[in-house]
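*Asks:* Contents of model-v3.cif (mmCIF, C-alpha atoms and all ligand atoms):
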data_query
#
loop_
_atom_site.label_atom_id
_atom_site.label_comp_id
_atom_site.auth_asym_id
_atom_site.auth_seq_id
_atom_site.Cartn_x
_atom_site.Cartn_y
_atom_site.Cartn_z
CA MET A 27 -140.46 153.40 115.01
CA ALA A 28 -142.12 153.31 111.58
CA ALA A 29 -142.77 157.09 111.70
CA ARG A 30 -139.18 157.79 112.75
CA LEU A 31 -137.80 155.65 109.97
CA ALA A 32 -140.07 157.29 107.41
CA SER A 33 -138.70 160.73 108.33
CA ALA A 34 -135.10 159.61 108.85
CA PRO A 35 -132.38 160.77 106.47
CA VAL A 36 -131.40 157.11 106.07
CA ARG A 37 -134.75 156.14 104.53
CA LYS A 38 -134.47 153.82 101.55
CA GLN A 39 -130.95 152.97 102.69
CA LEU A 40 -132.15 150.38 105.18
CA THR A 41 -134.16 147.27 104.49
CA PHE A 42 -135.63 145.26 107.35
CA VAL A 43 -136.21 141.53 107.07
CA HIS A 44 -138.03 139.62 109.82
CA GLN A 45 -137.51 136.13 108.44
CA GLY A 46 -135.77 134.55 105.44
CA GLY A 47 -135.45 136.33 102.07
CA LEU A 48 -132.30 138.43 102.53
CA PRO A 49 -131.81 141.42 100.22
CA GLU A 50 -129.27 140.42 97.57
CA ASP A 51 -127.73 143.85 97.05
CA ALA A 52 -127.07 145.04 100.65
CA ASP A 53 -123.65 146.56 101.36
CA VAL A 54 -123.78 145.21 104.90
CA HIS A 55 -126.17 142.67 106.40
CA PHE A 56 -126.78 143.51 110.07
CA ILE A 57 -127.85 140.43 112.01
CA CYS A 58 -130.03 141.40 114.99
CA VAL A 59 -131.88 138.14 115.63
CA GLY A 60 -132.63 136.86 119.11
CA THR A 61 -130.12 134.82 121.11
CA PRO A 62 -132.26 133.76 124.08
CA TRP A 63 -130.84 131.80 126.97
CA ALA A 64 -131.32 128.06 126.47
CA SER A 65 -130.60 125.41 129.09
CA ALA A 66 -126.81 125.25 128.50
CA GLY A 67 -126.01 128.62 126.90
CA LEU A 68 -127.22 131.18 124.40
CA ASP A 69 -129.39 129.77 121.61
CA HIS A 70 -127.56 130.60 118.38
CA GLY A 71 -130.12 128.83 116.18
CA PRO A 72 -131.45 132.06 114.61
CA VAL A 73 -127.88 133.41 114.08
CA ALA A 74 -126.89 130.11 112.44
CA ALA A 75 -129.98 130.24 110.18
CA VAL A 76 -129.14 133.76 108.91
CA LEU A 77 -125.46 132.91 108.45
CA SER A 78 -126.43 129.82 106.49
CA ASP A 79 -128.62 131.97 104.18
CA LEU A 80 -125.70 134.41 103.75
CA PHE A 81 -123.26 131.65 102.85
CA ALA A 82 -125.75 130.22 100.36
CA MET A 83 -126.17 133.70 98.84
CA ALA A 84 -122.41 134.27 98.64
CA ALA A 85 -121.93 130.88 96.97
CA ARG A 86 -124.73 131.59 94.50
CA ARG A 87 -123.49 135.10 93.62
CA GLY A 88 -119.80 134.24 93.53
CA ARG A 89 -119.06 137.54 95.30
CA PRO A 90 -118.14 138.22 98.93
CA VAL A 91 -120.90 139.16 101.36
CA LEU A 92 -120.28 141.46 104.34
CA ALA A 93 -122.29 140.83 107.50
CA ALA A 94 -122.20 142.27 111.02
CA ILE A 95 -123.67 140.53 114.04
CA ARG A 96 -125.43 143.00 116.35
CA SER A 97 -126.89 140.18 118.47
CA THR A 98 -125.20 139.30 121.73
CA VAL A 99 -123.40 136.04 121.13
CA ASP A 100 -121.04 133.49 122.59
CA VAL A 101 -118.29 134.14 120.09
CA LEU A 102 -116.85 130.63 120.29
CA ALA A 103 -120.21 129.18 119.29
CA VAL A 104 -120.36 131.55 116.29
CA GLU A 105 -116.80 130.59 115.33
CA SER A 106 -117.79 126.95 115.23
CA ILE A 107 -120.95 127.76 113.17
CA LEU A 108 -118.65 129.63 110.77
CA GLU A 109 -116.26 126.69 110.47
CA ASN A 110 -119.13 124.34 109.61
CA LEU A 111 -120.53 126.73 107.00
CA LYS A 112 -117.10 127.20 105.42
CA ARG A 113 -116.87 123.43 105.01
CA GLN A 114 -120.41 123.30 103.60
CA TYR A 115 -119.86 126.22 101.18
CA PRO A 116 -116.12 126.14 100.36
CA ALA A 117 -116.50 128.65 97.50
CA ALA A 118 -118.52 131.20 99.51
CA ARG A 119 -116.80 134.25 100.98
CA VAL A 120 -118.64 135.79 103.93
CA VAL A 121 -116.74 138.54 105.75
CA LEU A 122 -118.17 138.53 109.24
CA VAL A 123 -117.83 141.22 111.91
CA GLN A 124 -119.05 141.28 115.50
CA ASN A 125 -120.64 144.67 116.10
CA PRO A 126 -122.59 144.55 119.38
CA GLU A 127 -125.45 146.80 120.36
CA PHE A 128 -125.30 148.82 123.59
CA LEU A 129 -128.87 150.02 123.79
CA ARG A 130 -131.55 149.51 126.42
CA GLU A 131 -135.01 148.29 125.59
CA ALA A 132 -137.60 151.12 125.86
CA SER A 133 -134.98 153.79 125.11
CA ALA A 134 -133.49 151.91 122.19
CA ILE A 135 -133.64 154.66 119.56
CA GLN A 136 -132.21 157.32 121.85
CA ASP A 137 -129.45 154.91 122.93
CA PHE A 138 -128.72 153.81 119.38
CA LEU A 139 -128.22 157.41 118.30
CA ASN A 140 -126.04 158.19 121.35
CA PRO A 141 -124.01 155.04 121.97
CA PRO A 142 -121.18 154.92 124.50
CA PHE A 143 -118.98 153.76 121.62
CA ILE A 144 -119.24 151.79 118.40
CA ILE A 145 -117.14 148.66 118.27
CA ALA A 146 -116.42 146.25 115.49
CA GLY A 147 -114.22 143.17 115.49
CA SER A 148 -113.69 140.82 112.60
CA TYR A 149 -113.91 137.05 112.69
CA THR A 150 -111.44 136.99 109.78
CA GLY A 151 -108.45 139.29 110.45
CA GLU A 152 -109.40 142.95 110.14
CA GLU A 153 -111.59 142.47 107.13
CA GLY A 154 -114.83 144.41 106.99
CA VAL A 155 -114.31 146.36 110.21
CA ASP A 156 -113.91 149.77 108.57
CA ARG A 157 -116.83 149.24 106.22
CA VAL A 158 -119.10 148.30 109.11
CA LEU A 159 -117.97 151.34 111.13
CA GLU A 160 -118.56 153.59 108.11
CA ALA A 161 -122.21 152.54 108.10
CA PHE A 162 -122.58 154.41 111.43
CA GLN A 163 -120.99 157.52 110.01
CA PRO A 164 -123.43 160.21 111.28
CA ILE A 165 -123.63 158.74 114.78
CA PRO A 166 -121.30 160.23 117.43
CA GLY A 167 -119.07 158.27 119.78
CA SER A 168 -115.63 156.68 119.84
CA ARG A 169 -114.91 153.90 117.38
CA PHE A 170 -113.13 150.79 118.62
CA ARG A 171 -111.55 148.27 116.26
CA THR A 172 -110.83 144.90 117.77
CA THR A 173 -111.32 141.18 117.20
CA ALA A 174 -114.70 139.44 117.12
CA ARG A 175 -113.81 137.88 120.46
CA GLY A 176 -112.94 141.30 121.92
CA ALA A 177 -116.16 142.87 120.68
CA ALA A 178 -118.35 140.05 121.98
CA MET A 179 -116.54 140.02 125.32
CA LEU A 180 -116.98 143.76 125.77
CA LYS A 181 -120.73 143.39 125.32
CA LEU A 182 -120.98 140.53 127.82
CA ALA A 183 -118.75 142.41 130.29
CA CYS A 184 -120.91 145.55 130.05
CA ASN A 185 -124.14 143.71 130.79
CA ALA A 186 -122.56 141.60 133.52
CA PHE A 187 -121.29 144.83 135.11
CA HIS A 188 -124.74 146.44 134.97
CA ALA A 189 -126.24 143.32 136.54
CA THR A 190 -123.57 143.35 139.26
CA LYS A 191 -124.33 146.98 140.04
CA VAL A 192 -128.03 146.19 140.47
CA ALA A 193 -127.29 143.22 142.72
CA PHE A 194 -124.82 145.32 144.74
CA ALA A 195 -127.30 148.16 145.24
CA ASN A 196 -129.99 145.69 146.31
CA GLU A 197 -127.71 143.93 148.76
CA VAL A 198 -126.57 147.18 150.37
CA ALA A 199 -130.18 148.42 150.39
CA HIS A 200 -131.11 145.34 152.36
CA ALA A 201 -128.57 146.25 155.02
CA CYS A 202 -129.91 149.83 154.98
CA ASP A 203 -133.51 148.62 155.44
CA TRP A 204 -132.47 146.44 158.35
CA ALA A 205 -130.61 149.34 160.01
CA GLY A 206 -133.51 151.75 159.42
CA ILE A 207 -131.52 153.90 156.98
CA PRO A 208 -133.22 155.12 153.76
CA ALA A 209 -131.34 153.27 151.04
CA GLU A 210 -132.38 155.78 148.37
CA GLU A 211 -130.68 158.54 150.36
CA VAL A 212 -127.51 156.48 150.77
CA PHE A 213 -127.35 155.81 147.02
CA ASP A 214 -128.22 159.40 146.12
CA MET A 215 -125.02 160.31 147.97
CA PHE A 216 -123.08 157.24 146.81
CA ILE A 217 -123.47 158.11 143.13
CA GLN A 218 -122.22 161.65 143.71
CA ASP A 219 -118.71 160.23 144.10
CA HIS A 220 -117.32 160.43 140.60
CA SER A 221 -113.81 160.26 141.94
CA LEU A 222 -113.92 156.68 143.24
CA ASN A 223 -117.41 155.09 143.14
CA CYS A 224 -118.63 155.94 139.65
CA SER A 225 -115.32 156.25 137.87
CA GLU A 226 -112.58 154.20 136.27
CA LYS A 227 -110.86 153.78 139.64
CA TYR A 228 -110.80 150.17 140.84
CA LEU A 229 -111.87 149.11 137.35
CA ARG A 230 -108.61 147.75 136.04
CA PRO A 231 -107.83 144.07 135.97
CA GLY A 232 -104.87 143.17 138.13
CA PHE A 233 -104.23 141.10 141.22
CA ALA A 234 -106.39 140.59 144.30
CA PHE A 235 -107.38 143.60 146.39
CA GLY A 236 -105.99 143.95 149.88
CA GLY A 237 -104.73 146.49 152.35
CA SER A 238 -106.03 147.67 155.65
CA CYS A 239 -109.48 148.87 154.53
CA LEU A 240 -111.15 147.04 151.65
CA PRO A 241 -111.14 143.46 153.01
CA LYS A 242 -111.95 144.61 156.56
CA ASP A 243 -114.83 146.86 155.60
CA LEU A 244 -116.21 144.33 153.15
CA ARG A 245 -116.23 141.75 155.94
CA ALA A 246 -117.96 144.30 158.22
CA LEU A 247 -120.80 144.78 155.72
CA ILE A 248 -121.09 141.03 155.15
CA GLY A 249 -121.29 140.58 158.94
CA LEU A 250 -124.06 143.16 159.11
CA LEU A 251 -125.99 141.49 156.30
CA GLU A 252 -125.64 138.11 157.94
CA ARG A 253 -127.30 139.52 161.05
CA THR A 254 -130.29 140.41 158.85
CA GLY A 255 -130.65 136.73 157.99
CA THR A 256 -129.70 137.16 154.31
CA GLY A 257 -126.79 135.38 152.74
CA ALA A 258 -124.87 138.46 151.48
CA LEU A 259 -124.41 136.31 148.41
CA LEU A 260 -122.78 138.92 146.21
CA LEU A 261 -120.41 140.36 148.81
CA ARG A 262 -119.42 136.93 150.12
CA GLY A 263 -118.82 136.00 146.49
CA VAL A 264 -116.55 139.05 146.13
CA LEU A 265 -114.42 137.84 149.04
CA ALA A 266 -114.33 134.29 147.68
CA SER A 267 -113.46 135.55 144.20
CA ASN A 268 -110.60 137.61 145.64
CA ASP A 269 -109.23 134.62 147.56
CA GLY A 270 -109.55 132.64 144.33
CA VAL A 271 -107.31 135.09 142.45
CA ILE A 272 -104.49 134.44 144.95
CA GLU A 273 -105.00 130.67 144.97
CA GLN A 274 -105.19 130.47 141.17
CA MET A 275 -101.96 132.45 140.80
CA CYS A 276 -100.25 130.23 143.36
CA GLY A 277 -101.48 127.21 141.36
CA ARG A 278 -100.13 128.67 138.10
CA ILE A 279 -96.72 129.40 139.56
CA VAL A 280 -96.46 125.92 141.05
CA ALA A 281 -97.75 124.34 137.82
CA ALA A 282 -95.09 126.24 135.85
CA GLY A 283 -92.52 124.11 137.68
CA VAL A 284 -90.43 127.01 139.00
CA SER A 285 -88.77 126.67 142.41
CA ARG A 286 -86.86 129.90 143.14
CA PRO A 287 -88.91 132.92 142.04
CA ALA A 288 -87.88 136.50 142.71
CA LEU A 289 -90.88 138.26 144.27
CA LEU A 290 -90.71 141.98 143.52
CA GLY A 291 -93.04 143.74 145.96
CA LEU A 292 -94.63 142.51 149.16
CA THR A 293 -96.42 145.39 150.93
CA PHE A 294 -99.84 146.05 149.54
CA LYS A 295 -99.03 149.37 147.86
CA THR A 296 -95.97 151.28 146.69
CA GLY A 297 -94.81 153.83 149.26
CA THR A 298 -96.17 152.05 152.31
CA ALA A 299 -94.67 149.46 154.64
CA ASP A 300 -98.19 148.23 155.42
CA LEU A 301 -98.42 144.47 155.14
CA ARG A 302 -101.93 144.18 156.58
CA ASP A 303 -103.98 141.96 154.29
CA SER A 304 -101.39 142.37 151.53
CA PRO A 305 -102.41 139.95 148.75
CA TYR A 306 -98.72 139.61 147.77
CA LEU A 307 -97.88 138.53 151.31
CA ARG A 308 -100.65 135.94 151.18
CA LEU A 309 -99.32 134.69 147.86
CA ALA A 310 -95.78 134.53 149.28
CA GLN A 311 -96.98 132.49 152.25
CA GLN A 312 -98.88 130.07 150.01
CA LEU A 313 -95.83 129.61 147.77
CA VAL A 314 -93.53 128.95 150.72
CA ASP A 315 -96.10 126.47 152.08
CA GLN A 316 -95.91 124.74 148.68
CA GLY A 317 -92.15 124.35 149.09
CA LEU A 318 -90.89 127.18 146.84
CA SER A 319 -87.94 129.38 147.84
CA LEU A 320 -88.54 133.11 147.49
CA ARG A 321 -86.08 135.90 146.84
CA ILE A 322 -88.06 138.94 147.96
CA PHE A 323 -87.27 142.55 147.20
CA ASP A 324 -89.42 145.45 148.37
CA PRO A 325 -87.86 148.87 149.05
CA ASP A 326 -90.74 149.65 151.42
CA LEU A 327 -90.08 146.68 153.63
CA GLY A 328 -87.77 146.10 156.57
CA ARG A 329 -86.97 142.55 157.74
CA GLU A 330 -88.43 143.36 161.14
CA THR A 331 -91.87 143.82 159.58
CA LEU A 332 -91.99 140.38 157.96
CA PRO A 333 -94.34 137.98 159.74
CA ARG A 334 -92.43 135.33 161.73
CA THR A 335 -93.59 132.48 159.47
CA LEU A 336 -91.74 134.10 156.58
CA ALA A 337 -88.90 135.82 158.46
CA ASP A 338 -87.84 132.54 160.12
CA SER A 339 -88.23 130.41 157.00
CA PRO A 340 -84.96 129.19 155.46
CA ARG A 341 -86.78 129.35 152.11
CA VAL A 342 -87.21 133.14 152.29
CA HIS A 343 -84.33 135.38 151.33
CA LEU A 344 -84.91 139.11 151.73
CA CYS A 345 -82.85 141.03 149.18
CA VAL A 346 -81.52 144.59 149.31
CA SER A 347 -81.88 145.26 145.59
CA PRO A 348 -83.96 143.96 142.69
CA GLN A 349 -80.71 142.81 141.06
CA GLU A 350 -79.92 140.63 144.08
CA ALA A 351 -83.44 139.17 143.95
CA LEU A 352 -83.15 138.42 140.24
CA ALA A 353 -79.68 136.88 140.53
CA GLY A 354 -80.16 133.16 141.00
CA ALA A 355 -83.95 133.32 140.58
CA ASP A 356 -85.52 131.00 138.00
CA SER A 357 -88.59 133.21 137.48
CA ILE A 358 -90.06 136.58 138.45
CA ILE A 359 -93.26 137.40 140.27
CA LEU A 360 -93.90 141.04 139.58
CA ALA A 361 -96.12 142.64 142.21
CA LYS A 362 -94.75 146.18 142.30
CA LEU A 363 -92.58 147.44 139.48
CA PRO A 364 -89.17 148.57 140.82
CA ALA A 365 -88.06 151.93 139.40
CA GLY A 366 -86.06 151.64 136.17
CA LEU A 367 -86.64 147.94 135.66
CA GLN A 368 -89.61 147.89 133.30
CA GLU A 369 -87.55 147.52 130.14
CA GLU A 370 -85.38 144.72 131.49
CA LEU A 371 -88.38 142.79 132.79
CA GLN A 372 -90.19 143.26 129.48
CA GLN A 373 -87.14 141.94 127.63
CA ARG A 374 -86.88 138.91 129.90
CA ARG A 375 -90.55 138.20 129.31
CA GLU A 376 -90.11 138.47 125.55
CA GLN A 377 -87.14 136.07 125.77
CA GLY A 378 -89.49 133.50 127.31
CA HIS A 379 -88.35 133.90 130.94
CA PRO A 380 -91.30 133.10 133.26
CA VAL A 381 -92.61 136.45 134.50
CA PHE A 382 -95.80 136.32 136.56
CA ASP A 383 -97.07 139.84 136.05
CA LEU A 384 -99.61 140.15 138.86
CA GLU A 385 -100.74 143.71 138.12
CA ARG A 386 -100.45 143.45 134.31
CA ARG A 387 -97.84 146.18 134.08
CA LEU A 388 -95.87 144.70 131.20
CA VAL A 389 -96.89 144.38 127.59
CA PRO A 390 -98.33 140.90 127.12
CA VAL A 391 -96.65 138.43 124.81
CA PRO A 392 -98.49 135.48 123.19
CA SER A 393 -97.09 132.93 125.66
CA ASP A 394 -98.34 134.94 128.66
CA ARG A 395 -101.68 133.28 129.20
CA SER A 396 -100.41 131.19 132.07
CA THR A 397 -98.50 134.02 133.76
CA THR A 398 -101.00 136.88 134.02
CA ALA A 399 -103.46 137.17 136.89
CA ALA A 400 -106.85 135.54 136.43
N1 LIG C 1 -133.55 144.07 123.41
C1 LIG C 1 -132.53 144.87 123.71
O1 LIG C 1 -132.68 145.92 124.34
C2 LIG C 1 -131.14 144.49 123.27
C3 LIG C 1 -130.06 145.36 123.54
C4 LIG C 1 -128.79 145.03 123.11
C5 LIG C 1 -128.58 143.81 122.47
N2 LIG C 1 -129.64 142.98 122.26
C6 LIG C 1 -129.38 141.72 121.58
O2 LIG C 1 -129.93 141.80 120.27
C7 LIG C 1 -130.46 140.53 119.87
C8 LIG C 1 -131.92 140.67 119.51
O3 LIG C 1 -132.65 141.00 120.67
P1 LIG C 1 -134.17 141.38 120.61
O4 LIG C 1 -134.61 141.68 121.99
O5 LIG C 1 -134.40 142.40 119.54
O6 LIG C 1 -134.79 139.98 120.12
P2 LIG C 1 -136.25 139.71 119.55
O7 LIG C 1 -136.46 138.24 119.73
O8 LIG C 1 -137.23 140.66 120.12
O9 LIG C 1 -136.15 140.06 118.02
C9 LIG C 1 -135.47 139.22 117.13
C10 LIG C 1 -136.01 139.49 115.72
O10 LIG C 1 -135.28 138.66 114.82
C11 LIG C 1 -136.17 138.24 113.80
N3 LIG C 1 -135.64 137.05 113.12
C12 LIG C 1 -135.52 135.80 113.65
N4 LIG C 1 -135.01 134.97 112.70
C13 LIG C 1 -134.78 135.71 111.58
C14 LIG C 1 -134.27 135.42 110.28
N5 LIG C 1 -133.89 134.19 109.94
N6 LIG C 1 -134.16 136.44 109.40
C15 LIG C 1 -134.53 137.67 109.72
N7 LIG C 1 -135.05 138.00 110.94
C16 LIG C 1 -135.18 137.03 111.85
C17 LIG C 1 -137.46 138.00 114.52
O11 LIG C 1 -138.54 138.05 113.61
C18 LIG C 1 -137.47 139.17 115.52
O12 LIG C 1 -138.10 140.29 114.93
C19 LIG C 1 -130.18 139.60 121.03
O13 LIG C 1 -128.96 138.95 120.83
C20 LIG C 1 -130.06 140.53 122.22
O14 LIG C 1 -129.30 139.97 123.25
C21 LIG C 1 -130.91 143.29 122.62
#
Rewrite the structure from the file as structure tokens, please.

*Replies:*
Amino acid sequence: MAARLASAPVRKQLTFVHQGGLPEDADVHFICVGTPWASAGLDHGPVAAVLSDLFAMAARRGRPVLAAIRSTVDVLAVESILENLKRQYPAARVVLVQNPEFLREASAIQDFLNPPFIIAGSYTGEEGVDRVLEAFQPIPGSRFRTTARGAAMLKLACNAFHATKVAFANEVAHACDWAGIPAEEVFDMFIQDHSLNCSEKYLRPGFAFGGSCLPKDLRALIGLLERTGTGALLLRGVLASNDGVIEQMCGRIVAAGVSRPALLGLTFKTGTADLRDSPYLRLAQQLVDQGLSLRIFDPDLGRETLPRTLADSPRVHLCVSPQEALAGADSIILAKLPAGLQEELQQRREQGHPVFDLERRLVPVPSDRSTTAA
């Protein structure tokens, strides 16, 4: 590291400090201190100590100080540290940016010089973001500008995803071992699929998964793992999490106090009449069980394909057009976007009409928190 820094074109432009004594004249202070796991969350003690020194310096100098947190943090905890320091040093101006690090230990330099992207999000509007990004000027990669919360969340999401991948591979490998199949061979093939497995497919937040294959095959693998005597903890958790998405949405709709929603979409995918394990169908059933009346429109659906519990219910009205479903409805549950209706639905949402946008197809508005999927 020392040899690399000595020969680096940035030499003399970087000063490293391993404890107190911050350089007074730095353009940007990068905070890379540890945030180890403590009993109830990340320990932000070292971050708080550096921020306190920065506020004291800013107060003393009477000039703003720019700092970027590279450490992985719980952004809400940092926000509350900031609030306390602002009260303690009312005259100090510290522009703070969250600028997480996406490197791996043991290949840190290589990863730092070839990051997947460089992201910066300010704790105070957009202040400081560009200046922090400029500091990375020779390094390649996309630049993302966001909020401090967005930047910190992206970092946590990335590491949680990596951890989930490891746990997934280990759980499947256990099933392979039990069945006498070389797991390495299975994963050598698995990772060749850049179309579905290692790609952006299935990596968009939306509503619960369903259909005739995913839930069934997931249950099949869980069943196999249970025969090995292991708990299939991750895969069972996936099923439980998916059920939770439907239950939470049902809870939100009921809690919103609506009684006659229009449900746009019922079969599990546009262009198919397949209702097997449709998450929208499960949601519809739960809502009817809760006493709501549904005005359902789905161009892919015929009345004869509705399950008896819904078809025979006086609280279910199957509509022949989206307009008929919307007429008389007090809210909208948007599962599948009917052709030509996006603008109208967006407008209704912006006018404050309750629109439960299951697949996040509309542009969010500030009041949406209670109406998007979990
Ligand atoms: N290690 C990684 O590969 C990696 C990758 C990405 C993100 N991160 C994140 O970066 C942060 C640091 O991780 P780490 O593994 O380098 O931690 P670390 O504990 O190894 O290093 C922290 C450093 O901060 C210094 N320090 C502590 N208090 C200080 C102060 N008041 N002033 C100046 N320096 C001070 C310590 O002397 C130490 O050198 C963590 O939030 C971690 O989650 C680490």

*Asks:* Which residues sit within 12 Å of ligand LIG 1 (chain C), counting all atoms listed in the file, listed as a PyMOL selection string?

*Replies:* chain A and resi 41-49+55-63+68-80+95-101+124-138+141+178+181-182+184-185

*Asks:* Please compute the CA of Ala288 in chain A-CA of Ser357 in chain A distance, one decimal, in Å.

*Replies:*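 Computed distance, CA of Ala288 in chain A to CA of Ser357 in chain A, equals 6.2 Å.
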
*Asks:* Show which residues sit within 8 Å of Val121 in chain A, as a VMD selection string. Count only C-alpha atoms, and ignore same-chain residues fewer than 2 positions away.

*Replies:* chain A and resid 90 to 93 119 123 148 to 150 153 to 154

*Asks:* Please provide as a VMD selection string all residues within 10 Å of Ala193 in chain A, with the sequence filter that same-chain residues fewer than 5 positions apart are discarded (counting all atoms listed in the file).

*Replies:* chain A and resid 187 to 188 198 to 199 259 to 261

*Asks:* Rounded to one decimal, what separation in Å do you get between CA of Gly317 in chain A and CA of Ser285 in chain A?

*Replies:*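 CA of Ser285 in chain A lies 7.8 Å from CA of Gly317 in chain A.
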
*Asks:* Quick one: of A:Val192, A:Val212, A:Leu313, A:Ala174, who's nearest to Pro287 in chain A, counting only C-alpha atoms?

*Replies:* A:Leu313

*Asks:* Any chance you could work out the axis-aligned box around range 377-390 of chain A, listed atoms only, 6 Å on each side, giving centre and edge lengths in Å to one decimal, as AutoDock Vina command-line options?

*Replies:*
--center_x -93.9 --center_y 139.6 --center_z 132.3 --size_x 25.6 --size_y 25.1 --size_z 25.1

*Asks:* Using all atoms listed in the file, which residues sit within 12 Å of Thr296 in chain A once same-chain residues fewer than 5 positions away are excluded, as a PyMOL selection string?

*Replies:* chain A and resi 237+290-291+301+304+324-327+361-365

*Asks:* What is the distance between CA of Phe233 in chain A and CA of Leu384 in chain A, in Å to one decimal?

*Replies:* 5.3 Å

*Asks:* So which one's closest to Pro241 in chain A, A:Arg157, A:Arg262, A:Arg374, A:Arg286? Using all atoms listed in the file, please.

*Replies:*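 Closest residue, counting all atoms listed in the file: A:Arg262.
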
*Asks:* Counting only C-alpha atoms, which residues have an atom no more than 12 Å from (-102.1, 145.7, 132.1) in the file's coordinates? Please list them as a ChimeraX atom specification.

*Replies:* /A:229-233,383-391,394,398-399
